[in-house]
$ cat my_file34.txt   # compact mmCIF, C-alpha atoms (C1' of nucleotides)
# COMPACT_ATOMS: atom_id res chain seq x y z
CA MET A 1 -11.77 -5.02 -8.79
CA ASP A 2 -8.42 -6.55 -7.86
CA GLN A 3 -6.96 -3.09 -7.73
CA VAL A 4 -9.72 -1.67 -5.54
CA PHE A 5 -9.21 -4.25 -2.81
CA LYS A 6 -5.43 -4.02 -3.15
CA ALA A 7 -5.74 -0.28 -2.64
CA LEU A 8 -7.92 -0.76 0.43
CA SER A 9 -5.57 -3.38 1.86
CA ASP A 10 -3.13 -0.71 3.01
CA GLY A 11 -3.83 1.04 6.28
CA THR A 12 -2.25 4.29 5.15
CA ARG A 13 -4.50 4.44 2.11
CA ARG A 14 -7.55 3.69 4.22
CA GLU A 15 -6.57 6.58 6.50
CA MET A 16 -6.36 8.84 3.47
CA ILE A 17 -9.84 7.76 2.42
CA GLU A 18 -11.21 8.39 5.90
CA ARG A 19 -9.68 11.84 5.79
CA LEU A 20 -11.31 12.50 2.43
CA THR A 21 -14.75 11.54 3.68
CA ARG A 22 -14.45 14.65 5.85
CA GLY A 23 -13.92 16.83 2.80
CA PRO A 24 -11.38 17.52 0.03
CA ALA A 25 -7.71 17.93 0.89
CA SER A 26 -4.45 18.91 -0.71
CA VAL A 27 -1.56 16.45 -0.96
CA GLY A 28 0.20 18.18 1.90
CA GLU A 29 -2.88 18.04 4.10
CA LEU A 30 -3.18 14.34 3.39
CA ALA A 31 0.47 13.82 4.25
CA GLN A 32 0.44 15.83 7.49
CA PRO A 33 -0.87 13.16 9.92
CA LEU A 34 0.96 10.30 8.23
CA SER A 35 4.61 10.45 9.44
CA MET A 36 5.81 9.66 5.98
CA SER A 37 7.63 11.47 3.19
CA LEU A 38 5.65 13.38 0.59
CA PRO A 39 6.66 11.16 -2.33
CA ALA A 40 5.33 8.15 -0.42
CA VAL A 41 1.98 9.88 -0.04
CA MET A 42 2.01 10.68 -3.74
CA GLN A 43 2.44 7.01 -4.58
CA HIS A 44 -0.47 6.03 -2.38
CA LEU A 45 -2.51 8.75 -4.02
CA GLN A 46 -1.66 7.41 -7.46
CA VAL A 47 -2.83 3.96 -6.40
CA LEU A 48 -6.11 5.38 -5.15
CA GLU A 49 -6.62 7.34 -8.35
CA ALA A 50 -5.66 4.44 -10.61
CA CYS A 51 -8.53 2.34 -9.31
CA GLY A 52 -11.06 5.13 -9.28
CA LEU A 53 -11.46 5.61 -5.54
CA VAL A 54 -10.16 9.17 -5.55
CA ARG A 55 -9.92 11.97 -8.08
CA SER A 56 -7.76 15.10 -7.95
CA GLU A 57 -7.31 18.32 -9.86
CA LYS A 58 -4.36 20.67 -9.80
CA ALA A 59 -4.99 24.39 -9.53
CA GLY A 60 -1.89 26.55 -9.46
CA ARG A 61 0.61 24.58 -7.44
CA VAL A 62 -1.80 22.80 -5.15
CA ARG A 63 -3.50 19.54 -6.06
CA THR A 64 -6.87 19.03 -4.43
CA CYS A 65 -8.13 15.48 -3.89
CA HIS A 66 -11.64 14.27 -3.25
CA LEU A 67 -13.42 10.95 -2.89
CA GLU A 68 -15.10 9.12 -5.75
CA PRO A 69 -17.78 7.18 -3.89
CA ASP A 70 -18.77 4.88 -6.74
CA GLY A 71 -15.44 3.11 -6.29
CA LEU A 72 -16.23 2.24 -2.69
CA ARG A 73 -19.70 1.14 -3.68
CA MET A 74 -18.27 -1.35 -6.19
CA ALA A 75 -16.30 -3.12 -3.49
CA GLU A 76 -19.24 -2.97 -1.10
CA ASP A 77 -21.48 -4.52 -3.74
CA TRP A 78 -19.15 -7.45 -4.29
CA LEU A 79 -19.03 -8.16 -0.57
CA GLY A 80 -22.77 -7.83 -0.21
CA GLY A 81 -23.34 -10.12 -3.17
CA GLN A 82 -21.18 -12.84 -1.66
CA ARG A 83 -22.81 -12.54 1.71
CA THR A 84 -26.39 -12.58 0.45
CA GLY A 85 -25.58 -15.44 -1.92
CA TRP A 86 -24.33 -17.35 1.06
CA GLU A 87 -27.43 -16.51 3.07
CA HIS A 88 -29.68 -17.72 0.26
CA ARG A 89 -27.80 -20.99 0.28
CA LEU A 90 -28.48 -21.33 3.98
CA ASP A 91 -32.16 -20.65 3.32
CA ARG A 92 -32.28 -23.43 0.74
CA LEU A 93 -30.41 -25.72 3.12
CA GLY A 94 -32.90 -24.93 5.85
CA GLY A 95 -35.75 -25.80 3.55
CA PHE A 96 -34.02 -29.04 2.63
CA LEU A 97 -33.52 -30.07 6.24
CA GLU A 98 -37.22 -29.53 6.97
CA SER A 99 -38.28 -31.51 3.90
CA ASP A 100 -38.70 -35.28 3.63
CA GLU A 101 -35.39 -35.45 1.75
CA GLY A 102 -33.62 -34.11 4.78
CA LYS A 103 -35.38 -36.32 7.28
CA ARG A 104 -34.72 -39.49 5.30
CA SER A 105 -30.90 -39.05 5.21
CA MET B 1 -8.78 -5.31 8.98
CA ASP B 2 -5.60 -4.87 6.94
CA GLN B 3 -5.45 -8.60 6.52
CA VAL B 4 -9.06 -8.96 5.42
CA PHE B 5 -8.67 -6.51 2.55
CA LYS B 6 -5.28 -7.94 1.65
CA ALA B 7 -6.88 -11.36 1.46
CA LEU B 8 -9.67 -10.05 -0.75
CA SER B 9 -7.22 -8.23 -3.01
CA ASP B 10 -6.24 -11.48 -4.74
CA GLY B 11 -8.48 -12.73 -7.51
CA THR B 12 -7.72 -16.37 -6.77
CA ARG B 13 -8.81 -15.97 -3.16
CA ARG B 14 -11.99 -14.19 -4.22
CA GLU B 15 -12.74 -17.11 -6.52
CA MET B 16 -12.28 -19.47 -3.60
CA ILE B 17 -14.71 -17.42 -1.56
CA GLU B 18 -17.26 -17.41 -4.36
CA ARG B 19 -16.94 -21.16 -4.56
CA LEU B 20 -17.50 -21.47 -0.82
CA THR B 21 -20.69 -19.40 -0.95
CA ARG B 22 -22.09 -22.33 -2.92
CA GLY B 23 -21.32 -24.73 -0.08
CA PRO B 24 -18.37 -26.32 1.74
CA ALA B 25 -15.50 -27.83 -0.23
CA SER B 26 -12.36 -29.88 0.29
CA VAL B 27 -8.93 -28.45 -0.53
CA GLY B 28 -8.83 -30.49 -3.72
CA GLU B 29 -12.24 -29.29 -4.80
CA LEU B 30 -11.14 -25.71 -4.24
CA ALA B 31 -8.00 -26.32 -6.27
CA GLN B 32 -9.71 -28.05 -9.21
CA PRO B 33 -10.83 -24.97 -11.21
CA LEU B 34 -7.76 -22.93 -10.38
CA SER B 35 -4.97 -24.19 -12.69
CA MET B 36 -2.51 -23.97 -9.84
CA SER B 37 -0.53 -26.39 -7.68
CA LEU B 38 -2.06 -27.74 -4.51
CA PRO B 39 0.49 -26.08 -2.20
CA ALA B 40 -0.36 -22.73 -3.73
CA VAL B 41 -4.02 -23.27 -2.94
CA MET B 42 -3.07 -24.24 0.60
CA GLN B 43 -1.26 -20.95 1.06
CA HIS B 44 -4.26 -18.98 -0.14
CA LEU B 45 -6.40 -21.00 2.22
CA GLN B 46 -4.11 -20.18 5.11
CA VAL B 47 -4.40 -16.50 4.31
CA LEU B 48 -8.18 -16.74 4.26
CA GLU B 49 -8.22 -18.60 7.56
CA ALA B 50 -5.71 -16.28 9.22
CA CYS B 51 -8.04 -13.31 8.80
CA GLY B 52 -11.19 -15.16 9.75
CA LEU B 53 -12.91 -15.29 6.37
CA VAL B 54 -12.87 -19.09 6.17
CA ARG B 55 -12.72 -21.95 8.62
CA SER B 56 -11.80 -25.59 7.98
CA GLU B 57 -11.80 -28.90 9.83
CA LYS B 58 -9.91 -32.03 8.97
CA ALA B 59 -11.71 -35.37 9.10
CA GLY B 60 -9.64 -38.39 8.15
CA ARG B 61 -7.43 -37.19 5.37
CA VAL B 62 -9.76 -34.63 3.85
CA ARG B 63 -9.98 -31.04 5.07
CA THR B 64 -13.36 -29.40 4.58
CA CYS B 65 -13.56 -25.62 4.26
CA HIS B 66 -16.51 -23.33 4.74
CA LEU B 67 -17.19 -19.60 4.78
CA GLU B 68 -17.17 -17.48 7.93
CA PRO B 69 -19.55 -14.71 6.94
CA ASP B 70 -18.79 -12.37 9.84
CA GLY B 71 -15.40 -11.72 8.27
CA LEU B 72 -17.01 -10.44 5.08
CA ARG B 73 -19.41 -8.35 7.06
CA MET B 74 -16.56 -6.59 8.86
CA ALA B 75 -15.13 -5.39 5.56
CA GLU B 76 -18.57 -4.48 4.27
CA ASP B 77 -19.22 -2.44 7.41
CA TRP B 78 -16.05 -0.43 7.00
CA LEU B 79 -16.92 0.39 3.42
CA GLY B 80 -20.49 1.26 4.30
CA GLY B 81 -19.31 3.46 7.16
CA GLN B 82 -17.02 5.45 4.88
CA ARG B 83 -19.68 5.85 2.24
CA THR B 84 -22.44 6.94 4.60
CA GLY B 85 -20.06 9.26 6.42
CA TRP B 86 -19.30 10.85 3.09
CA GLU B 87 -23.00 11.12 2.25
CA HIS B 88 -23.71 12.82 5.58
CA ARG B 89 -21.01 15.33 4.80
CA LEU B 90 -22.71 16.08 1.49
CA ASP B 91 -25.99 16.52 3.35
CA ARG B 92 -24.41 19.05 5.69
CA LEU B 93 -22.79 20.78 2.74
CA GLY B 94 -26.15 20.95 0.98
CA GLY B 95 -27.71 22.48 4.07
CA PHE B 96 -24.91 24.99 4.25
CA LEU B 97 -25.34 26.05 0.63
CA GLU B 98 -29.03 26.63 1.19
CA SER B 99 -28.42 28.63 4.37
CA ASP B 100 -27.59 32.34 4.65
CA GLU B 101 -23.96 31.40 5.32
CA GLY B 102 -23.75 29.77 1.96
CA LYS B 103 -25.51 32.53 0.08
CA ARG B 104 -23.26 35.18 1.57
CA SER B 105 -19.97 33.64 0.46
C1' DC C 1 14.07 38.97 -9.75
C1' DG C 2 14.70 35.61 -5.92
C1' DG C 3 13.39 32.87 -2.23
C1' DA C 4 9.99 29.97 -0.17
C1' DT C 5 6.21 26.71 -1.02
C1' DA C 6 3.86 22.51 -3.09
C1' DG C 7 4.47 19.00 -5.68
C1' DT C 8 6.83 15.70 -8.82
C1' DT C 9 10.35 12.47 -10.82
C1' DA C 10 13.99 9.12 -10.44
C1' DA C 11 16.61 5.64 -8.45
C1' DG C 12 17.41 2.36 -5.07
C1' DC C 13 16.60 -0.73 -1.26
C1' DA C 14 14.27 -4.03 2.08
C1' DT C 15 10.64 -6.80 2.55
C1' DG C 16 6.43 -9.23 1.20
C1' DT C 17 3.73 -12.06 -2.10
C1' DG C 18 2.58 -15.74 -5.23
C1' DC C 19 3.98 -19.37 -7.31
C1' DC C 20 6.76 -23.58 -8.14
C1' DT C 21 9.04 -28.35 -7.32
C1' DA C 22 10.48 -32.02 -4.40
C1' DA C 23 9.96 -34.51 -0.58
C1' DC C 24 7.11 -36.11 3.12
C1' DC C 25 3.10 -37.82 6.15
C1' DA C 26 -1.31 -39.93 6.97
C1' DA C 27 -5.39 -42.30 5.98
C1' DC C 28 -8.11 -45.38 3.08
C1' DG C 29 -8.81 -49.57 0.29
C1' DG C 30 -7.82 -53.80 -1.52
C1' DC D 1 0.73 -54.59 4.45
C1' DC D 2 1.40 -51.79 0.34
C1' DG D 3 -0.07 -48.69 -3.17
C1' DT D 4 -2.95 -44.68 -3.93
C1' DT D 5 -5.07 -40.57 -2.60
C1' DG D 6 -5.33 -36.03 -0.14
C1' DG D 7 -2.88 -32.97 2.11
C1' DT D 8 1.27 -30.75 4.13
C1' DT D 9 6.14 -28.89 4.72
C1' DA D 10 10.39 -26.86 3.03
C1' DG D 11 13.08 -24.26 0.13
C1' DG D 12 13.64 -21.22 -3.47
C1' DC D 13 12.81 -17.92 -7.22
C1' DA D 14 10.69 -13.79 -9.67
C1' DC D 15 8.34 -9.98 -9.08
C1' DA D 16 5.54 -6.41 -6.64
C1' DT D 17 5.16 -3.06 -2.74
C1' DG D 18 6.26 0.57 0.44
C1' DC D 19 9.38 3.44 1.61
C1' DT D 20 13.51 6.43 1.38
C1' DT D 21 16.67 10.37 -0.31
C1' DA D 22 18.20 13.56 -3.82
C1' DA D 23 17.33 16.37 -7.42
C1' DC D 24 14.05 18.94 -10.17
C1' DT D 25 9.89 21.83 -11.68
C1' DA D 26 6.42 25.10 -11.19
C1' DT D 27 3.98 28.58 -8.75
C1' DC D 28 3.31 32.31 -5.61
C1' DC D 29 4.79 36.40 -2.88
C1' DG D 30 7.42 40.32 -1.54
$ encode --input "my_file34.txt" --output "structure tokens"
Amino acid sequence: MDQVFKALSDGTRREMIERLTRGPASVGELAQPLSMSLPAVMQHLQVLEACGLVRSEKAGRVRTCHLEPDGLRMAEDWLGGQRTGWEHRLDRLGGFLESDEGKRS
Amino acid sequence: MDQVFKALSDGTRREMIERLTRGPASVGELAQPLSMSLPAVMQHLQVLEACGLVRSEKAGRVRTCHLEPDGLRMAEDWLGGQRTGWEHRLDRLGGFLESDEGKRS
DNA sequence: CGGATAGTTAAGCATGTGCCTAACCAACGG
DNA sequence: CCGTTGGTTAGGCACATGCTTAACTATCCG
């Protein structure tokens, strides 16, 4: 969980993810629009793989990377849970304010 | 955007957010379950405020913090956008595989 | 084989992050 | 007023992060 958000907290890695939503890519293809050395891209890739957002297989000398959407969903679920929990609290608060308890305070 | 995910990438800050979904809290109340010095909590709070996830007002000598749910929604939207974009790609791919183009390859 | 291509490893450096302690300020509360 | 409480500022330390270059490996192609 920590690692997923830490991975997403870097703009470069988010760009890589956006690229991968448009289909699989090799390491070089990922690196191309990034004005950054290849080893740097590799490190970002390792971060993304370590937390399960991306998977990659190597065939011959080219490694092909693709998205692992369950990873994104995990983060999305946490956010949604917080937000809906907060909304439920507001609902309860609204009910309280309309009740006698609320009016008497 | 960067800052939002970076803020969420720390477990302590996520705990603070979870606490705030259950209602507003003072700095001390936020610090209480965190086994951490008060200044440290302050710094986390500043991070959360800087990226718009939390707001706080000071009345007398106690600062009261509450959630700013639009911040969470921004992050949730990005994640959802990536995921649905990816799903649309799979839809197109599925259509392609069922078409003549796909069968011929 | 031998050179170009695609990736990987290793080492190092600059900066950022998370935490601490110590000192300080500002309101209550008697 | 003066002590206590709640928060804030400043400075510093240990470690993590993001990047670099240089050297190395493994494949493909002619």
$ calpha_fit_and_write --input "my_file34.txt" --fixed "chain A" --moving "chain B" --output "PDB file with C-alpha atoms, keeping the file's coordinate frame"
ATOM      1  CA  MET B   1     -11.744  -5.041  -8.761  1.00  0.00           C
ATOM      2  CA  ASP B   2      -8.377  -6.556  -7.847  1.00  0.00           C
ATOM      3  CA  GLN B   3      -6.945  -3.086  -7.704  1.00  0.00           C
ATOM      4  CA  VAL B   4      -9.697  -1.677  -5.510  1.00  0.00           C
ATOM      5  CA  PHE B   5      -9.176  -4.273  -2.793  1.00  0.00           C
ATOM      6  CA  LYS B   6      -5.411  -4.020  -3.126  1.00  0.00           C
ATOM      7  CA  ALA B   7      -5.713  -0.287  -2.613  1.00  0.00           C
ATOM      8  CA  LEU B   8      -7.891  -0.776   0.453  1.00  0.00           C
ATOM      9  CA  SER B   9      -5.533  -3.385   1.888  1.00  0.00           C
ATOM     10  CA  ASP B  10      -3.083  -0.697   3.024  1.00  0.00           C
ATOM     11  CA  GLY B  11      -3.790   1.041   6.300  1.00  0.00           C
ATOM     12  CA  THR B  12      -2.220   4.297   5.154  1.00  0.00           C
ATOM     13  CA  ARG B  13      -4.495   4.446   2.124  1.00  0.00           C
ATOM     14  CA  ARG B  14      -7.542   3.693   4.257  1.00  0.00           C
ATOM     15  CA  GLU B  15      -6.553   6.576   6.512  1.00  0.00           C
ATOM     16  CA  MET B  16      -6.359   8.825   3.477  1.00  0.00           C
ATOM     17  CA  ILE B  17      -9.832   7.745   2.455  1.00  0.00           C
ATOM     18  CA  GLU B  18     -11.198   8.383   5.929  1.00  0.00           C
ATOM     19  CA  ARG B  19      -9.680  11.831   5.808  1.00  0.00           C
ATOM     20  CA  LEU B  20     -11.303  12.495   2.443  1.00  0.00           C
ATOM     21  CA  THR B  21     -14.752  11.519   3.718  1.00  0.00           C
ATOM     22  CA  ARG B  22     -14.448  14.632   5.873  1.00  0.00           C
ATOM     23  CA  GLY B  23     -13.940  16.817   2.810  1.00  0.00           C
ATOM     24  CA  PRO B  24     -11.405  17.502   0.044  1.00  0.00           C
ATOM     25  CA  ALA B  25      -7.731  17.937   0.886  1.00  0.00           C
ATOM     26  CA  SER B  26      -4.459  18.931  -0.740  1.00  0.00           C
ATOM     27  CA  VAL B  27      -1.575  16.462  -1.004  1.00  0.00           C
ATOM     28  CA  GLY B  28       0.189  18.199   1.863  1.00  0.00           C
ATOM     29  CA  GLU B  29      -2.876  18.067   4.058  1.00  0.00           C
ATOM     30  CA  LEU B  30      -3.191  14.357   3.368  1.00  0.00           C
ATOM     31  CA  ALA B  31       0.464  13.850   4.228  1.00  0.00           C
ATOM     32  CA  GLN B  32       0.434  15.871   7.465  1.00  0.00           C
ATOM     33  CA  PRO B  33      -0.872  13.193   9.886  1.00  0.00           C
ATOM     34  CA  LEU B  34       0.963  10.344   8.215  1.00  0.00           C
ATOM     35  CA  SER B  35       4.598  10.549   9.418  1.00  0.00           C
ATOM     36  CA  MET B  36       5.797   9.723   5.939  1.00  0.00           C
ATOM     37  CA  SER B  37       7.613  11.515   3.123  1.00  0.00           C
ATOM     38  CA  LEU B  38       5.634  13.439   0.555  1.00  0.00           C
ATOM     39  CA  PRO B  39       6.641  11.190  -2.365  1.00  0.00           C
ATOM     40  CA  ALA B  40       5.338   8.196  -0.461  1.00  0.00           C
ATOM     41  CA  VAL B  41       1.981   9.891  -0.044  1.00  0.00           C
ATOM     42  CA  MET B  42       1.977  10.701  -3.748  1.00  0.00           C
ATOM     43  CA  GLN B  43       2.419   7.039  -4.591  1.00  0.00           C
ATOM     44  CA  HIS B  44      -0.481   6.042  -2.374  1.00  0.00           C
ATOM     45  CA  LEU B  45      -2.532   8.749  -4.015  1.00  0.00           C
ATOM     46  CA  GLN B  46      -1.685   7.409  -7.444  1.00  0.00           C
ATOM     47  CA  VAL B  47      -2.828   3.966  -6.393  1.00  0.00           C
ATOM     48  CA  LEU B  48      -6.112   5.369  -5.128  1.00  0.00           C
ATOM     49  CA  GLU B  49      -6.644   7.319  -8.331  1.00  0.00           C
ATOM     50  CA  ALA B  50      -5.667   4.423 -10.589  1.00  0.00           C
ATOM     51  CA  CYS B  51      -8.534   2.309  -9.271  1.00  0.00           C
ATOM     52  CA  GLY B  52     -11.080   5.096  -9.243  1.00  0.00           C
ATOM     53  CA  LEU B  53     -11.473   5.578  -5.500  1.00  0.00           C
ATOM     54  CA  VAL B  54     -10.190   9.161  -5.532  1.00  0.00           C
ATOM     55  CA  ARG B  55      -9.964  11.956  -8.050  1.00  0.00           C
ATOM     56  CA  SER B  56      -7.801  15.089  -7.945  1.00  0.00           C
ATOM     57  CA  GLU B  57      -7.374  18.326  -9.873  1.00  0.00           C
ATOM     58  CA  LYS B  58      -4.433  20.662  -9.848  1.00  0.00           C
ATOM     59  CA  ALA B  59      -5.042  24.398  -9.568  1.00  0.00           C
ATOM     60  CA  GLY B  60      -1.945  26.569  -9.511  1.00  0.00           C
ATOM     61  CA  ARG B  61       0.561  24.596  -7.541  1.00  0.00           C
ATOM     62  CA  VAL B  62      -1.820  22.813  -5.207  1.00  0.00           C
ATOM     63  CA  ARG B  63      -3.532  19.540  -6.090  1.00  0.00           C
ATOM     64  CA  THR B  64      -6.900  19.012  -4.437  1.00  0.00           C
ATOM     65  CA  CYS B  65      -8.150  15.471  -3.863  1.00  0.00           C
ATOM     66  CA  HIS B  66     -11.653  14.243  -3.230  1.00  0.00           C
ATOM     67  CA  LEU B  67     -13.434  10.918  -2.841  1.00  0.00           C
ATOM     68  CA  GLU B  68     -15.103   9.065  -5.705  1.00  0.00           C
ATOM     69  CA  PRO B  69     -17.767   7.127  -3.844  1.00  0.00           C
ATOM     70  CA  ASP B  70     -18.762   4.822  -6.700  1.00  0.00           C
ATOM     71  CA  GLY B  71     -15.426   3.067  -6.287  1.00  0.00           C
ATOM     72  CA  LEU B  72     -16.222   2.187  -2.681  1.00  0.00           C
ATOM     73  CA  ARG B  73     -19.660   1.056  -3.654  1.00  0.00           C
ATOM     74  CA  MET B  74     -18.251  -1.408  -6.185  1.00  0.00           C
ATOM     75  CA  ALA B  75     -16.272  -3.165  -3.469  1.00  0.00           C
ATOM     76  CA  GLU B  76     -19.205  -3.024  -1.082  1.00  0.00           C
ATOM     77  CA  ASP B  77     -21.444  -4.592  -3.722  1.00  0.00           C
ATOM     78  CA  TRP B  78     -19.107  -7.509  -4.257  1.00  0.00           C
ATOM     79  CA  LEU B  79     -18.971  -8.203  -0.550  1.00  0.00           C
ATOM     80  CA  GLY B  80     -22.716  -7.870  -0.170  1.00  0.00           C
ATOM     81  CA  GLY B  81     -23.279 -10.175  -3.133  1.00  0.00           C
ATOM     82  CA  GLN B  82     -21.111 -12.896  -1.618  1.00  0.00           C
ATOM     83  CA  ARG B  83     -22.750 -12.585   1.762  1.00  0.00           C
ATOM     84  CA  THR B  84     -26.322 -12.635   0.493  1.00  0.00           C
ATOM     85  CA  GLY B  85     -25.513 -15.483  -1.873  1.00  0.00           C
ATOM     86  CA  TRP B  86     -24.244 -17.402   1.110  1.00  0.00           C
ATOM     87  CA  GLU B  87     -27.357 -16.550   3.123  1.00  0.00           C
ATOM     88  CA  HIS B  88     -29.605 -17.767   0.304  1.00  0.00           C
ATOM     89  CA  ARG B  89     -27.722 -21.030   0.298  1.00  0.00           C
ATOM     90  CA  LEU B  90     -28.394 -21.386   4.017  1.00  0.00           C
ATOM     91  CA  ASP B  91     -32.065 -20.683   3.354  1.00  0.00           C
ATOM     92  CA  ARG B  92     -32.205 -23.453   0.769  1.00  0.00           C
ATOM     93  CA  LEU B  93     -30.336 -25.754   3.121  1.00  0.00           C
ATOM     94  CA  GLY B  94     -32.814 -24.961   5.886  1.00  0.00           C
ATOM     95  CA  GLY B  95     -35.690 -25.764   3.561  1.00  0.00           C
ATOM     96  CA  PHE B  96     -34.031 -29.009   2.617  1.00  0.00           C
ATOM     97  CA  LEU B  97     -33.564 -30.070   6.232  1.00  0.00           C
ATOM     98  CA  GLU B  98     -37.221 -29.441   6.937  1.00  0.00           C
ATOM     99  CA  SER B  99     -38.336 -31.362   3.846  1.00  0.00           C
ATOM    100  CA  ASP B 100     -38.841 -35.126   3.515  1.00  0.00           C
ATOM    101  CA  GLU B 101     -35.526 -35.330   1.649  1.00  0.00           C
ATOM    102  CA  GLY B 102     -33.736 -34.025   4.663  1.00  0.00           C
ATOM    103  CA  LYS B 103     -35.553 -36.194   7.162  1.00  0.00           C
ATOM    104  CA  ARG B 104     -34.855 -39.331   5.168  1.00  0.00           C
ATOM    105  CA  SER B 105     -31.077 -38.954   5.060  1.00  0.00           C
TER     106      SER B 105
END
$ interface_residues --input "my_file34.txt" --of "chain B" --to "chain D" --cutoff "9 Å" --atoms "all atoms listed in the file" --output "JSON, numbers by chain"
{"B": [27, 28, 38, 39, 42, 61, 62, 63]}
$ atom_distance --input "my_file34.txt" --atom1 "atom CA of A:Arg22" --atom2 "atom CA of A:Val41"
18.1 Å
$ interface_residues --input "my_file34.txt" --of "chain C" --to "chain B" --cutoff "12 Å" --atoms "all atoms listed in the file" --output "list in words"
DG16, DT17, DG18, DC19, DC20, DT21, DA22, DC25, DA26, DA27 and DC28 of chain C
$ interface_residues --input "my_file34.txt" --of "chain B" --to "chain A" --cutoff "6 Å" --atoms "all atoms listed in the file" --output "PDB file with C-alpha atoms, keeping the file's coordinate frame"
ATOM      1  CA  ASP B   2      -5.600  -4.870   6.940  1.00  0.00           C
ATOM      2  CA  PHE B   5      -8.670  -6.510   2.550  1.00  0.00           C
ATOM      3  CA  LYS B   6      -5.280  -7.940   1.650  1.00  0.00           C
ATOM      4  CA  SER B   9      -7.220  -8.230  -3.010  1.00  0.00           C
ATOM      5  CA  THR B  21     -20.690 -19.400  -0.950  1.00  0.00           C
ATOM      6  CA  GLU B  76     -18.570  -4.480   4.270  1.00  0.00           C
ATOM      7  CA  TRP B  86     -19.300  10.850   3.090  1.00  0.00           C
TER       8      TRP B  86
END
$ atom_distance --input "my_file34.txt" --atom1 "atom CA of B:Arg55" --atom2 "atom C1' of C:DA23"
27.5 Å
